[in-house]
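Chemist: Okay, so here is model-v2.txt, and as you'll see once you scroll down, it has compact mmCIF, C-alpha atoms.
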```txt
# COMPACT_ATOMS: atom_id res chain seq x y z
CA MET H 27 -1.00 -8.06 25.15
CA PHE H 28 0.58 -5.75 22.57
CA ARG H 29 -0.36 -6.33 18.94
CA SER H 30 1.42 -5.09 15.83
CA GLY H 31 1.39 -5.68 12.11
CA PHE H 32 1.25 -4.38 8.56
CA VAL H 33 -1.96 -3.58 6.69
CA ALA H 34 -2.09 -2.89 2.94
CA ILE H 35 -4.69 -0.53 1.49
CA ILE H 36 -5.60 -1.59 -2.05
CA GLY H 37 -8.21 -0.69 -4.64
CA ARG H 38 -8.88 0.94 -7.99
CA PRO H 39 -7.63 4.48 -8.71
CA ASN H 40 -9.56 7.34 -7.13
CA VAL H 41 -11.54 5.35 -4.56
CA GLY H 42 -10.01 7.32 -1.67
CA LYS H 43 -7.17 5.07 -0.49
CA SER H 44 -4.77 7.92 0.33
CA THR H 45 -7.50 9.96 2.02
CA LEU H 46 -8.38 6.89 4.08
CA MET H 47 -4.81 6.27 5.21
CA ASN H 48 -4.32 9.91 6.19
CA ALA H 49 -7.56 9.80 8.19
CA LEU H 50 -6.62 6.53 9.91
CA VAL H 51 -3.22 7.76 11.11
CA GLY H 52 -4.34 11.32 11.79
CA PHE H 53 -1.81 13.20 9.65
CA LYS H 54 -0.92 13.78 6.01
CA ALA H 55 1.24 10.77 5.21
CA THR H 56 0.56 10.77 1.48
CA ILE H 57 -0.54 13.37 -1.04
CA VAL H 58 -4.16 13.54 -2.15
CA THR H 59 -5.46 14.91 -5.46
CA ASP H 60 -8.55 14.44 -7.59
CA LYS H 61 -6.41 12.85 -10.33
CA PRO H 62 -6.34 9.04 -10.70
CA GLN H 63 -3.03 7.21 -10.20
CA THR H 64 -1.60 9.93 -7.96
CA THR H 65 0.12 7.37 -5.71
CA ARG H 66 3.08 5.74 -7.48
CA ASN H 67 4.96 4.09 -4.61
CA ARG H 68 4.04 2.05 -1.57
CA ILE H 69 3.93 4.55 1.28
CA ARG H 70 4.06 3.47 4.92
CA ALA H 71 2.43 5.36 7.76
CA VAL H 72 2.43 4.32 11.41
CA LEU H 73 -0.53 4.42 13.79
CA ASN H 74 0.67 4.15 17.39
CA ARG H 75 -1.92 3.21 20.02
CA ASP H 76 -1.67 2.16 23.67
CA ASN H 77 -1.89 -1.55 22.91
CA SER H 78 -0.93 -1.74 19.25
CA GLN H 79 1.10 -0.41 16.38
CA ILE H 80 -0.46 -0.63 12.91
CA VAL H 81 1.72 0.10 9.88
CA PHE H 82 -0.47 1.02 6.91
CA LEU H 83 0.77 0.68 3.33
CA ASP H 84 -0.89 2.95 0.78
CA THR H 85 -0.52 1.41 -2.67
CA PRO H 86 -1.02 2.65 -6.25
CA GLY H 87 -4.45 2.21 -7.76
CA VAL H 88 -4.81 -1.06 -9.67
CA HIS H 89 -5.00 -0.38 -13.41
CA ARG H 90 -3.89 -1.86 -16.71
CA PRO H 91 -0.18 -0.92 -17.18
CA GLN H 92 0.72 1.06 -20.29
CA HIS H 93 4.42 1.60 -19.60
CA LYS H 94 7.22 0.50 -17.26
CA LEU H 95 6.06 2.94 -14.60
CA GLY H 96 2.64 1.25 -14.71
CA ASP H 97 4.32 -2.17 -14.49
CA TYR H 98 6.18 -1.04 -11.37
CA MET H 99 3.00 0.35 -9.80
CA LEU H 100 1.12 -2.92 -10.36
CA TRP H 101 4.07 -4.89 -8.97
CA ALA H 102 4.07 -2.65 -5.88
CA VAL H 103 0.44 -3.55 -5.25
CA GLN H 104 0.73 -7.29 -5.84
CA ASN H 105 3.98 -7.61 -3.89
CA SER H 106 2.31 -6.02 -0.87
CA PHE H 107 -0.12 -8.97 -0.72
CA GLN H 108 2.67 -11.18 0.59
CA GLU H 109 4.09 -8.75 3.15
CA VAL H 110 1.12 -7.89 5.35
CA ASP H 111 -1.04 -9.24 8.16
CA ALA H 112 -4.30 -7.88 6.73
CA LEU H 113 -5.61 -6.14 3.62
CA LEU H 114 -8.20 -3.40 3.21
CA MET H 115 -9.92 -3.57 -0.18
CA VAL H 116 -11.27 -0.05 -0.62
CA VAL H 117 -14.12 0.55 -3.05
CA ASP H 118 -16.13 3.59 -4.09
CA GLY H 119 -19.60 3.28 -2.60
CA THR H 120 -21.06 5.68 -5.16
CA SER H 121 -20.47 3.23 -8.03
CA LYS H 122 -21.15 -0.44 -8.67
CA PRO H 123 -18.29 -3.00 -8.82
CA GLY H 124 -16.27 -2.60 -12.01
CA GLY H 125 -13.69 -4.62 -13.88
CA GLY H 126 -10.89 -3.40 -11.61
CA ASP H 127 -12.74 -4.55 -8.51
CA HIS H 128 -13.31 -8.00 -10.01
CA PHE H 129 -9.62 -8.20 -10.99
CA ILE H 130 -8.50 -7.37 -7.44
CA ALA H 131 -10.96 -9.84 -5.92
CA ARG H 132 -9.62 -12.64 -8.13
CA LYS H 133 -6.08 -11.85 -6.99
CA LEU H 134 -7.15 -12.02 -3.34
CA GLN H 135 -9.05 -15.30 -3.55
CA CYS H 136 -6.03 -17.51 -3.01
CA LEU H 137 -4.70 -15.61 0.03
CA ASP H 138 -4.94 -16.77 3.62
CA THR H 139 -4.49 -13.18 4.80
CA PRO H 140 -7.62 -11.56 6.31
CA VAL H 141 -9.29 -9.20 3.82
CA PHE H 142 -11.64 -6.40 4.89
CA LEU H 143 -14.08 -4.76 2.50
CA VAL H 144 -14.08 -0.99 3.06
CA VAL H 145 -16.88 0.78 1.21
CA ASN H 146 -15.80 4.43 1.13
CA LYS H 147 -17.89 7.59 0.51
CA SER H 148 -20.84 6.07 2.37
CA ASP H 149 -21.84 9.57 3.49
CA LEU H 150 -23.01 10.24 -0.08
CA LEU H 151 -25.54 7.37 -0.04
CA ARG H 152 -29.00 6.99 1.45
CA GLU H 153 -29.50 4.02 3.78
CA ASN H 154 -31.19 1.80 1.19
CA GLN H 155 -28.58 2.71 -1.45
CA LEU H 156 -25.78 1.80 0.94
CA ALA H 157 -27.38 -1.56 1.77
CA ASN H 158 -27.62 -2.39 -1.93
CA ARG H 159 -24.07 -1.34 -2.58
CA LEU H 160 -22.73 -3.43 0.30
CA GLU H 161 -24.54 -6.44 -1.12
CA ASN H 162 -23.07 -5.76 -4.59
CA TYR H 163 -19.53 -5.75 -3.29
CA ARG H 164 -19.93 -8.66 -0.86
CA GLN H 165 -20.54 -10.90 -3.86
CA LEU H 166 -16.97 -10.32 -5.08
CA LEU H 167 -15.25 -12.25 -2.32
CA SER H 168 -15.74 -13.89 1.04
CA PHE H 169 -14.52 -10.97 3.19
CA ASN H 170 -13.56 -11.39 6.83
CA GLU H 171 -15.23 -8.10 7.75
CA THR H 172 -17.19 -5.37 5.97
CA PHE H 173 -17.20 -1.64 6.78
CA ALA H 174 -19.06 1.33 5.38
CA VAL H 175 -16.93 4.41 6.01
CA SER H 176 -16.35 8.00 4.98
CA ALA H 177 -12.63 8.73 4.91
CA LEU H 178 -13.37 12.41 4.33
CA GLU H 179 -15.65 12.73 7.38
CA GLY H 180 -13.95 10.10 9.56
CA LYS H 181 -17.13 8.03 9.76
CA ASN H 182 -16.74 4.52 11.29
CA LEU H 183 -12.92 4.64 11.23
CA ASP H 184 -12.54 3.99 14.97
CA HIS H 185 -14.51 0.76 14.62
CA LEU H 186 -12.34 -0.24 11.65
CA VAL H 187 -9.12 0.29 13.64
CA GLU H 188 -10.43 -1.54 16.70
CA THR H 189 -11.44 -4.52 14.58
CA LEU H 190 -8.08 -4.52 12.81
CA GLU H 191 -6.31 -4.70 16.16
CA ASN H 192 -8.07 -7.96 16.95
CA TYR H 193 -6.77 -9.54 13.74
CA LEU H 194 -3.14 -8.55 14.26
CA PRO H 195 -0.68 -10.97 15.91
CA GLU H 196 0.99 -10.33 19.21
CA GLY H 197 4.27 -8.56 18.48
CA PRO H 198 6.69 -5.71 19.16
CA ARG H 199 6.72 -2.10 17.99
CA TYR H 200 8.42 -2.11 14.60
CA PHE H 201 8.97 1.64 14.73
CA PRO H 202 9.60 4.11 17.59
CA PRO H 203 6.42 5.53 19.20
CA ASP H 204 7.11 9.03 17.83
CA MET H 205 7.68 7.85 14.24
CA VAL H 206 4.82 8.47 11.82
CA THR H 207 6.35 7.42 8.49
CA ASP H 208 9.48 5.66 7.27
CA GLN H 209 9.71 7.72 4.08
CA PRO H 210 12.96 9.68 3.63
CA GLU H 211 12.80 13.47 3.75
CA SER H 212 13.65 13.77 0.06
CA PHE H 213 10.67 11.59 -0.90
CA ILE H 214 8.26 13.66 1.19
CA VAL H 215 9.59 16.86 -0.40
CA SER H 216 9.22 15.46 -3.92
CA GLU H 217 5.66 14.31 -3.26
CA ILE H 218 4.57 17.70 -1.92
CA ILE H 219 5.99 19.44 -4.99
CA ARG H 220 4.23 16.93 -7.26
CA GLU H 221 0.94 17.44 -5.41
CA LYS H 222 1.05 21.19 -6.03
CA ILE H 223 1.71 20.68 -9.75
CA PHE H 224 -1.17 18.19 -9.92
CA GLY H 225 -3.45 20.81 -8.41
CA LEU H 226 -2.44 23.54 -10.88
CA THR H 227 -2.48 21.55 -14.13
CA ARG H 228 -4.95 19.36 -15.98
CA GLU H 229 -5.43 16.71 -18.67
CA GLU H 230 -2.24 14.72 -19.32
CA ILE H 231 0.21 17.20 -17.76
CA PRO H 232 0.16 15.79 -14.18
CA PHE H 233 0.89 12.27 -15.39
CA SER H 234 3.96 13.37 -17.33
CA VAL H 235 5.57 14.86 -14.21
CA ALA H 236 8.31 13.29 -12.09
CA ILE H 237 10.22 15.02 -9.30
CA GLU H 238 13.82 14.45 -8.27
CA VAL H 239 15.18 16.22 -5.19
CA GLU H 240 18.86 16.83 -5.86
CA GLU H 241 19.81 18.54 -2.61
CA ILE H 242 18.50 19.35 0.86
CA LYS H 243 21.04 21.40 2.76
CA LYS H 244 20.80 23.45 5.94
CA ARG H 245 22.77 26.68 5.98
CA ALA H 246 25.31 26.80 8.78
CA ALA H 247 24.70 30.44 9.69
CA ASN H 248 20.92 30.35 10.15
CA HIS H 249 17.82 28.13 10.10
CA ILE H 250 17.24 28.33 6.34
CA VAL H 251 17.09 25.01 4.45
CA ASP H 252 18.02 25.06 0.76
CA ILE H 253 16.15 22.56 -1.40
CA ARG H 254 16.93 22.07 -5.06
CA ALA H 255 14.58 19.91 -7.12
CA VAL H 256 14.07 19.08 -10.79
CA ILE H 257 10.63 18.68 -12.33
CA TYR H 258 10.87 16.25 -15.25
CA VAL H 259 8.32 16.15 -18.06
CA ASP H 260 8.33 13.96 -21.15
CA LYS H 261 7.39 16.60 -23.76
CA TYR H 262 8.80 20.03 -24.59
CA SER H 263 5.28 21.45 -24.82
CA HIS H 264 4.68 20.33 -21.23
CA LYS H 265 7.74 22.21 -20.05
CA GLY H 266 6.23 25.49 -21.21
CA ILE H 267 2.93 24.71 -19.51
CA ILE H 268 4.61 23.83 -16.19
CA ILE H 269 6.63 27.07 -16.25
CA GLY H 270 3.63 29.12 -17.35
CA LYS H 271 3.48 32.62 -18.75
CA GLU H 272 6.34 34.66 -17.28
CA GLY H 273 7.03 31.71 -14.96
CA ARG H 274 3.78 32.20 -13.04
CA LEU H 275 2.65 28.59 -12.71
CA LEU H 276 6.07 27.39 -11.56
CA LYS H 277 6.27 30.24 -9.04
CA LYS H 278 2.79 29.40 -7.74
CA ALA H 279 3.64 25.70 -7.37
CA GLY H 280 6.89 26.60 -5.62
CA SER H 281 5.16 29.01 -3.25
CA LEU H 282 2.49 26.48 -2.26
CA ALA H 283 5.08 23.73 -1.77
CA ARG H 284 7.40 26.00 0.23
CA LYS H 285 4.64 26.99 2.67
CA GLU H 286 3.71 23.38 3.36
CA LEU H 287 7.35 22.32 3.68
CA GLU H 288 8.09 25.13 6.13
CA ALA H 289 5.18 24.01 8.31
CA LEU H 290 6.32 20.39 8.07
CA LEU H 291 10.06 20.90 8.64
CA GLY H 292 9.81 23.83 11.02
CA SER H 293 12.41 25.84 9.09
CA GLN H 294 12.48 28.62 6.55
CA ILE H 295 12.81 27.09 3.09
CA TYR H 296 14.53 28.35 -0.03
CA LEU H 297 13.08 26.20 -2.81
CA ASP H 298 14.88 26.17 -6.15
CA LEU H 299 12.84 24.46 -8.89
CA TRP H 300 13.97 23.61 -12.40
CA VAL H 301 12.02 22.05 -15.25
CA LYS H 302 13.71 19.59 -17.62
CA VAL H 303 12.51 17.41 -20.46
CA LYS H 304 13.13 13.67 -20.24
CA PRO H 305 11.41 12.05 -23.25
CA LYS H 306 9.62 8.77 -22.53
CA TRP H 307 10.84 8.71 -18.94
CA LYS H 308 7.95 6.42 -17.90
CA ASN H 309 9.55 3.66 -20.02
CA ASN H 310 13.12 4.40 -18.90
CA GLU H 311 13.92 1.74 -16.31
CA ALA H 312 17.24 3.31 -15.30
CA PHE H 313 15.52 6.65 -14.67
CA LEU H 314 12.75 4.98 -12.68
CA HIS H 315 15.41 3.38 -10.49
CA GLN H 316 16.99 6.81 -10.09
CA LEU H 317 13.64 8.03 -8.73
CA GLY H 318 13.57 5.15 -6.25
CA MET H 319 11.09 2.96 -8.12
CA GLN H 320 12.85 -0.36 -8.07
CA ARG H 321 11.69 -3.83 -7.17
CA ASP H 322 13.06 -5.50 -4.07
```
As C-alpha cells, what does this structure read like?

Modeler:
Amino acid sequence: MFRSGFVAIIGRPNVGKSTLMNALVGFKATIVTDKPQTTRNRIRAVLNRDNSQIVFLDTPGVHRPQHKLGDYMLWAVQNSFQEVDALLMVVDGTSKPGGGDHFIARKLQCLDTPVFLVVNKSDLLRENQLANRLENYRQLLSFNETFAVSALEGKNLDHLVETLENYLPEGPRYFPPDMVTDQPESFIVSEIIREKIFGLTREEIPFSVAIEVEEIKKRAANHIVDIRAVIYVDKYSHKGIIIGKEGRLLKKAGSLARKELEALLGSQIYLDLWVKVKPKWKNNEAFLHQLGMQRD
C-alpha cells in the first residue's frame, strides 16, 4: 500500500517550524533565521519514501496582524487547515503555553483532521521539565499524537514520520520522486537573498525588506546565470542601512547569497542587487500581489 498526503506545520513565530521542516525532508526547503515572522508564504517541501510521499507545508507564525501583509500571512495559515490530511502544531518546549498557542488550539478544535502536538527544543530540557511541559501543552487540545523532538538535532523525527505515514490515506505520488519542492526558482532566489539580509541587519530593518527577482537569464556563450533582483524597503533611512558604508553590507549580502545560489543551481552566478524605497509596501495590496502574495 502506498500512502500520500499533505501535512501543515503550524505554530507561533520562532518555535522552529522551518527548522523542523528542513530536518524532516533532509534539505533546506525554507530559510531559517533567529528573527520572528521570517516565513511569509506557505512553502511546500516533498519527502519521498519507499511507501509514501509526504508533502509538508511550512506556514507563517501565527500572530496578530498589523498590516495587509500580516492579514495575508494569517490567511495562509488558516487556509491550510482545510487543505491537508494532518497538522503538526509545533510549540517551544522551553516556554509554557502562551496566548498564541491557545488561539491556535481554539482554531483547531472544530477540525476533523488529525492534529499532532510537536514539542520542539526538547534537547534543552531535563526529563522532569519535559514531562511537565508535555502535560502543560496536552491541556490545550485533544491531540491524536504527542511528540517531543529536537529539530536542530534530529531527535525523534523518524518516529514522527513513521507515525504520520499511518495517518495518511492510500494515494498516488502527487509529485515526481526526484522533486523536493514546488516553489519556482525565482521564489527560492528571493528567499535566499532575504535570508542573508536578515542575518546582517537587526531591529526593524529585516521586517521592512521585500525581494523581487526581476530576471534570471542564462548566458548563451557560457554557464553563467545572470540574476537581477530588487530589495524593497519602506523607509529611506533603511535604504542607507541596507547598502551600508561604501556599499559594504549590500556587497556582503550579495556575496553570501551568490555562494549559496551557485551551490544550489550548479552554475556561476552574476548577482545584480538594487535597493529601492517603497513606502508602506506592507499595506499595498497590489504590490503584495506582485510579490506573489495573493489569496487563492

Chemist: Between CA of Met115 in chain H and CA of Pro62 in chain H, what is the distance in Å, rounded to a tenth?

Modeler: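 Going from CA of Met115 in chain H over to CA of Pro62 in chain H covers 16.8 Å.
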
Chemist: For CA of Glu153 in chain H and CA of Asn170 in chain H, determine how far apart the two atoms are, in Å to one decimal place.

Modeler: 22.4 Å

Chemist: What is the distance, in Å and to one decimal place, between CA of Leu317 in chain H and CA of Phe213 in chain H?

Modeler: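 That distance, rounded to one decimal, is 9.1 Å.
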
Chemist: Just checking: using all atoms listed in the file, which residue out of H:Asp127, H:Glu188, H:Asp118, H:Glu211 ends up closest to Val144 in chain H?

Modeler: H:Asp118

Chemist: What lies within 12 Å of Phe53 in chain H using only C-alpha atoms, ignoring chain neighbours under 4 positions off, as a ChimeraX atom specification?

Modeler: /H:44-49,57,71-73,205-207,290

Chemist: List the spatial neighbours of Glu238 in chain H as a PyMOL selection string - criterion: any atom at most 9 Å away, all atoms listed in the file, same-chain residues fewer than 5 positions off excluded.

Modeler: chain H and resi 212-213+216+254-258+316-317

Chemist: Find the spatial neighbours of Ile242 in chain H, counting only C-alpha atoms, within a cut-off of 7 Å - ignore same-chain residues fewer than 4 positions away - and output them as a PyMOL selection string.

Modeler: chain H and resi 251-254

Chemist: Which of these residues is nearest to His249 in chain H, using all atoms listed in the file: H:Ile295, H:Met319, H:Leu276, H:Leu190?

Modeler: H:Ile295

Chemist: For Arg199 in chain H, which residue out of H:Gly292, H:Leu160, H:Arg70, H:Gln79 is the nearest one, using all atoms listed in the file?

Modeler: H:Gln79

Chemist: Between H:Ser121, H:Lys61, H:Phe107, H:Val301, which residue has the minimum interatomic distance to Lys133 in chain H, considering only C-alpha atoms?

Modeler: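 Counting only C-alpha atoms, the residue closest to Lys133 in chain H is H:Phe107.
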
Chemist: Find, counting only C-alpha atoms, the residue in H:Asn74, H:Glu311, H:Thr139, H:Glu286 that gets nearest to Leu194 in chain H.

Modeler: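 Residue with the minimum atom-to-atom distance to Leu194 in chain H: H:Thr139.
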
Chemist: Find the spatial neighbours of Lys304 in chain H, counting all atoms listed in the file, within a cut-off of 6 Å - ignore same-chain residues fewer than 3 positions away - and output them as JSON, numbers by chain.

Modeler: {"H": [259, 260, 307]}

Chemist: For Pro91 in chain H, which residue among H:Arg284, H:Lys308, H:Lys181, H:Lys147 is the nearest when counting all atoms listed in the file?

Modeler: H:Lys308

Chemist: Do you know which residues are at most 8 Å from Lys122 in chain H counting all atoms listed in the file, after dropping those on the same chain fewer than 3 positions away, and could you put them as a list in words?

Modeler: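 Returned residues: Asp118, Gly119, Arg159, Asn162 and Tyr163 of chain H.
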